[in-house]
>>> print(open('coords-v2.csv').read())   # CSV, C-alpha atoms
chain,number,residue,atom,x,y,z
A,1,LYS,CA,121.2,45.5,49.0
A,2,GLN,CA,119.6,48.9,48.8
A,3,GLU,CA,120.9,51.4,51.3
A,4,VAL,CA,118.9,54.6,52.0
A,5,THR,CA,120.5,57.5,53.9
A,6,GLN,CA,118.8,60.6,55.3
A,7,ILE,CA,120.9,63.6,56.3
A,8,PRO,CA,120.6,65.4,58.6
A,9,ALA,CA,119.3,63.2,61.3
A,10,ALA,CA,117.8,66.2,63.1
A,11,LEU,CA,117.0,69.7,62.1
A,12,SER,CA,115.7,72.7,64.0
A,13,VAL,CA,114.4,75.8,62.2
A,14,PRO,CA,112.5,79.0,63.2
A,15,GLU,CA,108.9,79.2,62.0
A,16,GLY,CA,108.5,80.6,58.5
A,17,GLU,CA,111.8,79.3,57.1
A,18,ASN,CA,112.0,77.2,53.9
A,19,LEU,CA,113.9,74.0,54.4
A,20,VAL,CA,115.2,71.0,52.5
A,21,LEU,CA,115.4,67.4,53.6
A,22,ASN,CA,117.7,65.0,51.8
A,23,CYS,CA,117.5,61.4,50.9
A,24,SER,CA,120.0,59.3,49.0
A,25,PHE,CA,119.9,55.7,47.9
A,26,THR,CA,122.6,53.4,46.5
A,27,ASP,CA,120.7,51.4,43.8
A,28,SER,CA,119.0,53.5,41.1
A,29,ALA,CA,116.8,50.6,39.9
A,30,ILE,CA,113.8,51.7,41.8
A,31,TYR,CA,110.1,51.9,40.9
A,32,ASN,CA,109.2,54.8,43.0
A,33,LEU,CA,110.2,56.9,46.1
A,34,GLN,CA,107.8,57.9,48.8
A,35,TRP,CA,108.1,60.5,51.6
A,36,PHE,CA,106.4,59.8,54.8
A,37,ARG,CA,105.7,61.8,58.0
A,38,GLN,CA,105.8,60.1,61.4
A,39,ASP,CA,104.5,61.9,64.5
A,40,PRO,CA,105.8,60.7,67.9
A,41,GLY,CA,104.2,57.4,68.9
A,42,LYS,CA,102.2,57.2,65.7
A,43,GLY,CA,102.3,55.4,62.4
A,44,LEU,CA,103.5,56.7,59.1
A,45,THR,CA,101.5,58.9,56.8
A,46,SER,CA,102.3,59.1,53.2
A,47,LEU,CA,103.1,62.7,51.9
A,48,LEU,CA,104.2,62.3,48.4
A,49,LEU,CA,105.0,59.5,45.9
A,50,ILE,CA,107.2,60.0,42.9
A,51,GLN,CA,107.4,57.5,40.2
A,52,SER,CA,110.8,56.6,38.8
A,53,SER,CA,109.9,58.3,35.5
A,54,GLN,CA,108.9,61.6,37.3
A,55,ARG,CA,111.2,64.4,38.4
A,56,GLU,CA,109.0,65.9,41.1
A,57,GLN,CA,105.7,66.0,42.9
A,58,THR,CA,103.9,68.8,44.8
A,59,SER,CA,101.3,68.9,47.5
A,60,GLY,CA,100.5,72.2,49.1
A,61,ARG,CA,103.7,73.5,50.7
A,62,LEU,CA,105.6,70.3,50.0
A,63,ASN,CA,107.6,69.6,46.9
A,64,ALA,CA,109.6,66.4,46.4
A,65,SER,CA,112.2,65.9,43.7
A,66,LEU,CA,113.8,62.8,42.4
A,67,ASP,CA,117.1,62.4,40.5
A,68,LYS,CA,117.2,58.6,40.0
A,69,SER,CA,120.6,58.6,38.2
A,70,SER,CA,122.4,60.2,41.0
A,71,GLY,CA,120.4,58.4,43.7
A,72,ARG,CA,119.0,61.5,45.4
A,73,SER,CA,115.7,62.9,46.4
A,74,THR,CA,114.8,66.1,48.3
A,75,LEU,CA,111.8,67.2,50.2
A,76,TYR,CA,111.2,70.9,50.2
A,77,ILE,CA,109.0,72.4,52.8
A,78,ALA,CA,108.0,76.1,52.2
A,79,ALA,CA,107.1,78.5,55.0
A,80,SER,CA,107.5,76.0,57.8
A,81,GLN,CA,105.0,75.8,60.7
A,82,PRO,CA,105.2,74.3,64.2
A,83,GLY,CA,102.7,71.7,63.0
A,84,ASP,CA,105.3,70.5,60.6
A,85,SER,CA,107.4,69.2,63.5
A,86,ALA,CA,107.7,65.4,63.0
A,87,THR,CA,110.1,62.8,61.7
A,88,TYR,CA,110.2,62.6,57.9
A,89,LEU,CA,111.2,59.3,56.3
A,90,CYS,CA,111.9,58.4,52.7
A,91,ALA,CA,111.4,55.0,51.2
A,92,VAL,CA,112.4,53.6,47.8
A,93,SER,CA,110.6,50.8,46.1
A,94,GLY,CA,112.3,47.9,44.4
A,95,ASN,CA,111.1,44.4,45.1
A,96,GLN,CA,110.2,45.8,48.5
A,97,PHE,CA,110.3,49.1,50.3
A,98,TYR,CA,113.6,50.2,51.8
A,99,PHE,CA,113.4,53.0,54.4
A,100,GLY,CA,115.8,55.6,55.5
A,101,THR,CA,116.3,56.3,59.2
A,102,GLY,CA,114.5,59.7,59.0
A,103,THR,CA,115.1,63.3,59.7
A,104,SER,CA,113.6,64.7,62.9
A,105,LEU,CA,112.3,68.2,62.2
A,106,THR,CA,111.5,70.8,64.9
A,107,VAL,CA,109.9,74.1,63.9
A,108,ILE,CA,110.3,76.7,66.6
A,109,PRO,CA,107.5,79.2,67.0
B,1,ASN,CA,86.9,53.2,56.9
B,2,ALA,CA,89.0,52.4,59.9
B,3,GLY,CA,92.0,51.9,57.6
B,4,VAL,CA,94.7,49.7,59.2
B,5,THR,CA,94.2,48.7,62.8
B,6,GLN,CA,96.7,47.0,65.1
B,7,THR,CA,96.2,45.4,68.5
B,8,PRO,CA,97.5,45.5,71.1
B,9,LYS,CA,99.1,49.0,71.3
B,10,PHE,CA,101.6,47.9,73.9
B,11,GLN,CA,102.7,44.5,75.2
B,12,VAL,CA,105.3,43.3,77.7
B,13,LEU,CA,106.5,39.7,77.4
B,14,LYS,CA,109.0,37.5,79.2
B,15,THR,CA,111.7,35.8,77.2
B,16,GLY,CA,110.4,32.6,75.7
B,17,GLN,CA,106.7,33.6,75.7
B,18,SER,CA,104.8,33.6,72.5
B,19,MET,CA,102.2,36.0,71.3
B,20,THR,CA,100.3,37.2,68.2
B,21,LEU,CA,100.2,40.8,67.0
B,22,GLN,CA,97.0,41.5,65.1
B,23,CYS,CA,96.6,43.5,62.0
B,24,ALA,CA,93.5,44.2,60.0
B,25,GLN,CA,92.5,46.5,57.1
B,26,ASP,CA,89.1,47.3,55.7
B,27,MET,CA,90.3,48.7,52.3
B,28,ASN,CA,90.3,45.4,50.5
B,29,HIS,CA,94.0,45.7,49.9
B,30,GLU,CA,95.8,42.7,48.5
B,31,TYR,CA,99.3,43.6,49.7
B,32,MET,CA,100.0,43.6,53.5
B,33,SER,CA,103.3,43.7,55.3
B,34,TRP,CA,104.9,43.8,58.7
B,35,TYR,CA,107.8,46.1,59.7
B,36,ARG,CA,109.8,46.6,62.8
B,37,GLN,CA,111.2,50.0,63.7
B,38,ASP,CA,114.3,50.3,65.8
B,39,PRO,CA,116.3,53.4,66.8
B,40,GLY,CA,118.9,54.3,64.2
B,41,MET,CA,117.9,51.5,61.9
B,42,GLY,CA,114.7,52.7,60.2
B,43,LEU,CA,111.9,50.4,59.3
B,44,ARG,CA,112.8,46.8,58.2
B,45,LEU,CA,110.5,44.4,56.5
B,46,ILE,CA,109.7,41.2,58.4
B,47,HIS,CA,107.2,39.4,56.2
B,48,TYR,CA,104.7,40.4,53.5
B,49,SER,CA,101.7,38.9,51.7
B,50,VAL,CA,100.5,39.6,48.2
B,51,GLY,CA,97.1,38.1,48.8
B,52,ALA,CA,95.2,35.5,50.8
B,53,GLY,CA,97.2,32.3,51.2
B,54,ILE,CA,100.4,33.8,49.9
B,55,THR,CA,103.2,35.1,52.2
B,56,ASP,CA,106.9,35.6,51.8
B,57,GLN,CA,109.9,36.7,53.9
B,58,GLY,CA,111.4,40.1,54.1
B,59,GLU,CA,114.7,41.4,55.4
B,60,VAL,CA,114.4,40.2,59.0
B,61,PRO,CA,112.0,37.1,59.2
B,62,ASN,CA,113.8,35.0,61.8
B,63,GLY,CA,111.7,34.4,64.9
B,64,TYR,CA,108.4,35.5,63.3
B,65,ASN,CA,105.7,33.6,61.5
B,66,VAL,CA,102.8,34.9,59.5
B,67,SER,CA,99.7,33.6,57.7
B,68,ARG,CA,97.0,35.2,55.5
B,69,SER,CA,93.8,33.3,55.6
B,70,THR,CA,91.6,36.3,54.6
B,71,THR,CA,92.2,39.5,52.7
B,72,GLU,CA,91.5,41.6,55.8
B,73,ASP,CA,93.8,40.0,58.4
B,74,PHE,CA,97.5,39.5,58.6
B,75,PRO,CA,98.7,38.4,62.1
B,76,LEU,CA,102.3,38.2,63.1
B,77,ARG,CA,103.3,35.5,65.5
B,78,LEU,CA,106.4,35.5,67.8
B,79,LEU,CA,107.1,31.9,68.6
B,80,SER,CA,109.5,32.4,71.5
B,81,ALA,CA,110.1,36.0,72.3
B,82,ALA,CA,113.7,37.3,72.8
B,83,PRO,CA,114.9,40.6,74.1
B,84,SER,CA,116.2,41.4,70.6
B,85,GLN,CA,112.6,41.5,69.4
B,86,THR,CA,111.9,44.5,71.6
B,87,SER,CA,110.8,47.0,69.0
B,88,VAL,CA,107.8,48.9,67.5
B,89,TYR,CA,106.0,46.8,65.0
B,90,PHE,CA,104.0,48.4,62.1
B,91,CYS,CA,101.6,46.7,59.8
B,92,ALA,CA,101.0,48.3,56.4
B,93,SER,CA,98.7,47.6,53.4
B,94,SER,CA,98.4,48.8,49.8
B,95,THR,CA,96.4,47.8,46.7
B,96,GLY,CA,99.4,46.3,44.9
B,97,LEU,CA,103.0,45.2,45.2
B,98,ALA,CA,105.7,47.5,46.5
B,99,GLY,CA,107.0,47.8,43.0
B,100,VAL,CA,103.8,49.3,41.5
B,101,GLN,CA,102.4,52.8,41.8
B,102,GLU,CA,101.0,52.3,45.2
B,103,THR,CA,100.9,54.2,48.5
B,104,GLN,CA,101.3,52.2,51.6
B,105,TYR,CA,98.9,52.8,54.5
B,106,PHE,CA,100.3,52.2,58.0
B,107,GLY,CA,98.7,51.1,61.2
B,108,PRO,CA,99.4,53.0,64.5
B,109,GLY,CA,102.0,50.4,65.7
B,110,THR,CA,102.5,47.9,68.5
B,111,ARG,CA,105.2,48.6,71.1
B,112,LEU,CA,106.7,45.4,72.3
B,113,LEU,CA,109.0,45.0,75.3
B,114,VAL,CA,110.6,41.6,75.9
B,115,LEU,CA,112.2,41.2,79.3
>>> encode(input="coords-v2.csv", output="structure tokens")
Amino acid sequence: KQEVTQIPAALSVPEGENLVLNCSFTDSAIYNLQWFRQDPGKGLTSLLLIQSSQREQTSGRLNASLDKSSGRSTLYIAASQPGDSATYLCAVSGNQFYFGTGTSLTVIP
Amino acid sequence: NAGVTQTPKFQVLKTGQSMTLQCAQDMNHEYMSWYRQDPGMGLRLIHYSVGAGITDQGEVPNGYNVSRSTTEDFPLRLLSAAPSQTSVYFCASSTGLAGVQETQYFGPGTRLLVL
């Protein structure tokens, strides 16, 4: 069974700092990996999707990388803002989506 | 487009009661799924459907039933609620299977408390 781990569980940074969120998975036989954002009491919003054949995807200040062979992905957030405060989840796709438990990010003004 | 909608937003049940969580999407997506989210455990797949009339079990299906009579709707039924089913339930949809190049769109969730 695929296991997805996100470390750290919580992260607090000052505004303007660049930061990296980590995601690791145990089975490298995946189709793709997605990063989601979840605001308190809300649903999930997809941020980036990386196909298994790709190494990275970028959207604005966000950059996600994928190293399938080592079972790792990172989400890089540049010049963090208070509006980035949320929980970030990664999910890997095999025959279904498997989610990590998320990293709760707080950006302090 | 309204996207994925879920009703109710919040529900309190007593042990043994039954209820149906509603999910609808207006994007003509074939693939729909139900997840539950519990603290420290992430999202876990309950049931999914790859099209009208086709459903299958996910990781934690016990105590839940689903049906898919139309492309738009995918209700989740709790037959006899138990305190262990206290959770936040999310419905999601996409144009294809999880294994294909597809983004999942999530509803706002239903918070269920079983006493």
>>> residues_near_point(input="coords-v2.csv", point="(91.6, 43.2, 62.0)", cutoff="8 Å", atoms="all atoms listed in the file", output="PyMOL selection string")
chain B and resi 4-6+22-26+72-74
>>> write_last_selection(input="coords-v2.csv", atoms="C-alpha atoms", output="short mmCIF file (atom, residue, chain, number, x, y, z; two decimals), in the frame of the given file")
data_model
loop_
_atom_site.label_atom_id
_atom_site.label_comp_id
_atom_site.auth_asym_id
_atom_site.auth_seq_id
_atom_site.Cartn_x
_atom_site.Cartn_y
_atom_site.Cartn_z
CA VAL B 4 94.70 49.70 59.20
CA THR B 5 94.20 48.70 62.80
CA GLN B 6 96.70 47.00 65.10
CA GLN B 22 97.00 41.50 65.10
CA CYS B 23 96.60 43.50 62.00
CA ALA B 24 93.50 44.20 60.00
CA GLN B 25 92.50 46.50 57.10
CA ASP B 26 89.10 47.30 55.70
CA GLU B 72 91.50 41.60 55.80
CA ASP B 73 93.80 40.00 58.40
CA PHE B 74 97.50 39.50 58.60
#
>>> residues_around(input="coords-v2.csv", residues="Ile108 in chain A", least_positions_apart="5", cutoff="10 Å", atoms="all atoms listed in the file", output="PyMOL selection string")
chain A and resi 12-17+80-85
>>> interface_residues(input="coords-v2.csv", of="chain A", to="chain B", cutoff="8 Å", atoms="only C-alpha atoms", output="list in words")
Ile30, Tyr31, Asn32, Gln34, Gly41, Lys42, Gly43, Leu44, Thr45, Ser46, Leu49, Gln51, Ser93, Gly94, Asn95, Gln96, Phe97, Tyr98, Phe99, Gly100, Thr101 and Gly102 of chain A
>>> atom_distance(input="coords-v2.csv", atom1="CA of Thr7 in chain B", atom2="CA of Cys90 in chain A")
25.8 Å
>>> atom_distance(input="coords-v2.csv", atom1="CA of Leu113 in chain B", atom2="CA of Gln6 in chain A")
27.2 Å
>>> build_atoms(input="coords-v2.csv", residues="range 29-44 of chain B", atoms="N, CA, C and O atoms", output="mmCIF file, in the coordinates of the input")
data_model
loop_
_atom_site.group_PDB
_atom_site.id
_atom_site.type_symbol
_atom_site.label_atom_id
_atom_site.label_comp_id
_atom_site.auth_asym_id
_atom_site.auth_seq_id
_atom_site.Cartn_x
_atom_site.Cartn_y
_atom_site.Cartn_z
ATOM 1 N N HIS B 29 92.674 45.696 50.498
ATOM 2 C CA HIS B 29 94.000 45.700 49.900
ATOM 3 C C HIS B 29 94.573 44.296 49.824
ATOM 4 O O HIS B 29 94.443 43.502 50.745
ATOM 5 N N GLU B 30 95.231 44.021 48.708
ATOM 6 C CA GLU B 30 95.800 42.700 48.500
ATOM 7 C C GLU B 30 97.179 42.595 49.237
ATOM 8 O O GLU B 30 97.544 41.574 49.771
ATOM 9 N N TYR B 31 97.955 43.667 49.200
ATOM 10 C CA TYR B 31 99.300 43.600 49.700
ATOM 11 C C TYR B 31 99.335 44.090 51.163
ATOM 12 O O TYR B 31 98.843 45.172 51.482
ATOM 13 N N MET B 32 99.882 43.237 52.051
ATOM 14 C CA MET B 32 100.000 43.600 53.500
ATOM 15 C C MET B 32 101.459 43.237 53.895
ATOM 16 O O MET B 32 102.051 42.276 53.369
ATOM 17 N N SER B 33 101.959 43.978 54.864
ATOM 18 C CA SER B 33 103.300 43.700 55.300
ATOM 19 C C SER B 33 103.515 44.097 56.754
ATOM 20 O O SER B 33 102.721 44.860 57.318
ATOM 21 N N TRP B 34 104.552 43.542 57.341
ATOM 22 C CA TRP B 34 104.900 43.800 58.700
ATOM 23 C C TRP B 34 106.358 44.386 58.719
ATOM 24 O O TRP B 34 107.264 43.831 58.061
ATOM 25 N N TYR B 35 106.544 45.479 59.474
ATOM 26 C CA TYR B 35 107.800 46.100 59.700
ATOM 27 C C TYR B 35 108.139 46.173 61.153
ATOM 28 O O TYR B 35 107.234 46.255 61.976
ATOM 29 N N ARG B 36 109.419 46.226 61.462
ATOM 30 C CA ARG B 36 109.800 46.600 62.800
ATOM 31 C C ARG B 36 110.656 47.883 62.689
ATOM 32 O O ARG B 36 111.395 48.074 61.706
ATOM 33 N N GLN B 37 110.511 48.746 63.682
ATOM 34 C CA GLN B 37 111.200 50.000 63.700
ATOM 35 C C GLN B 37 112.091 50.076 64.949
ATOM 36 O O GLN B 37 111.568 50.050 66.062
ATOM 37 N N ASP B 38 113.384 50.186 64.751
ATOM 38 C CA ASP B 38 114.300 50.300 65.800
ATOM 39 C C ASP B 38 115.131 51.552 65.728
ATOM 40 O O ASP B 38 115.418 52.008 64.609
ATOM 41 N N PRO B 39 115.509 52.133 66.852
ATOM 42 C CA PRO B 39 116.300 53.400 66.800
ATOM 43 C C PRO B 39 117.515 53.281 65.962
ATOM 44 O O PRO B 39 118.306 52.347 66.106
ATOM 45 N N GLY B 40 117.680 54.252 65.068
ATOM 46 C CA GLY B 40 118.900 54.300 64.200
ATOM 47 C C GLY B 40 118.915 53.308 63.100
ATOM 48 O O GLY B 40 119.888 53.278 62.340
ATOM 49 N N MET B 41 117.859 52.498 62.942
ATOM 50 C CA MET B 41 117.900 51.500 61.900
ATOM 51 C C MET B 41 116.727 51.603 60.916
ATOM 52 O O MET B 41 116.609 50.824 59.983
ATOM 53 N N GLY B 42 115.855 52.552 61.122
ATOM 54 C CA GLY B 42 114.700 52.700 60.200
ATOM 55 C C GLY B 42 113.766 51.551 60.293
ATOM 56 O O GLY B 42 113.794 50.745 61.231
ATOM 57 N N LEU B 43 112.898 51.439 59.328
ATOM 58 C CA LEU B 43 111.900 50.400 59.300
ATOM 59 C C LEU B 43 112.495 49.212 58.434
ATOM 60 O O LEU B 43 113.042 49.444 57.351
ATOM 61 N N ARG B 44 112.362 48.011 58.941
ATOM 62 C CA ARG B 44 112.800 46.800 58.200
ATOM 63 C C ARG B 44 111.687 45.861 58.028
ATOM 64 O O ARG B 44 110.925 45.598 58.950
#
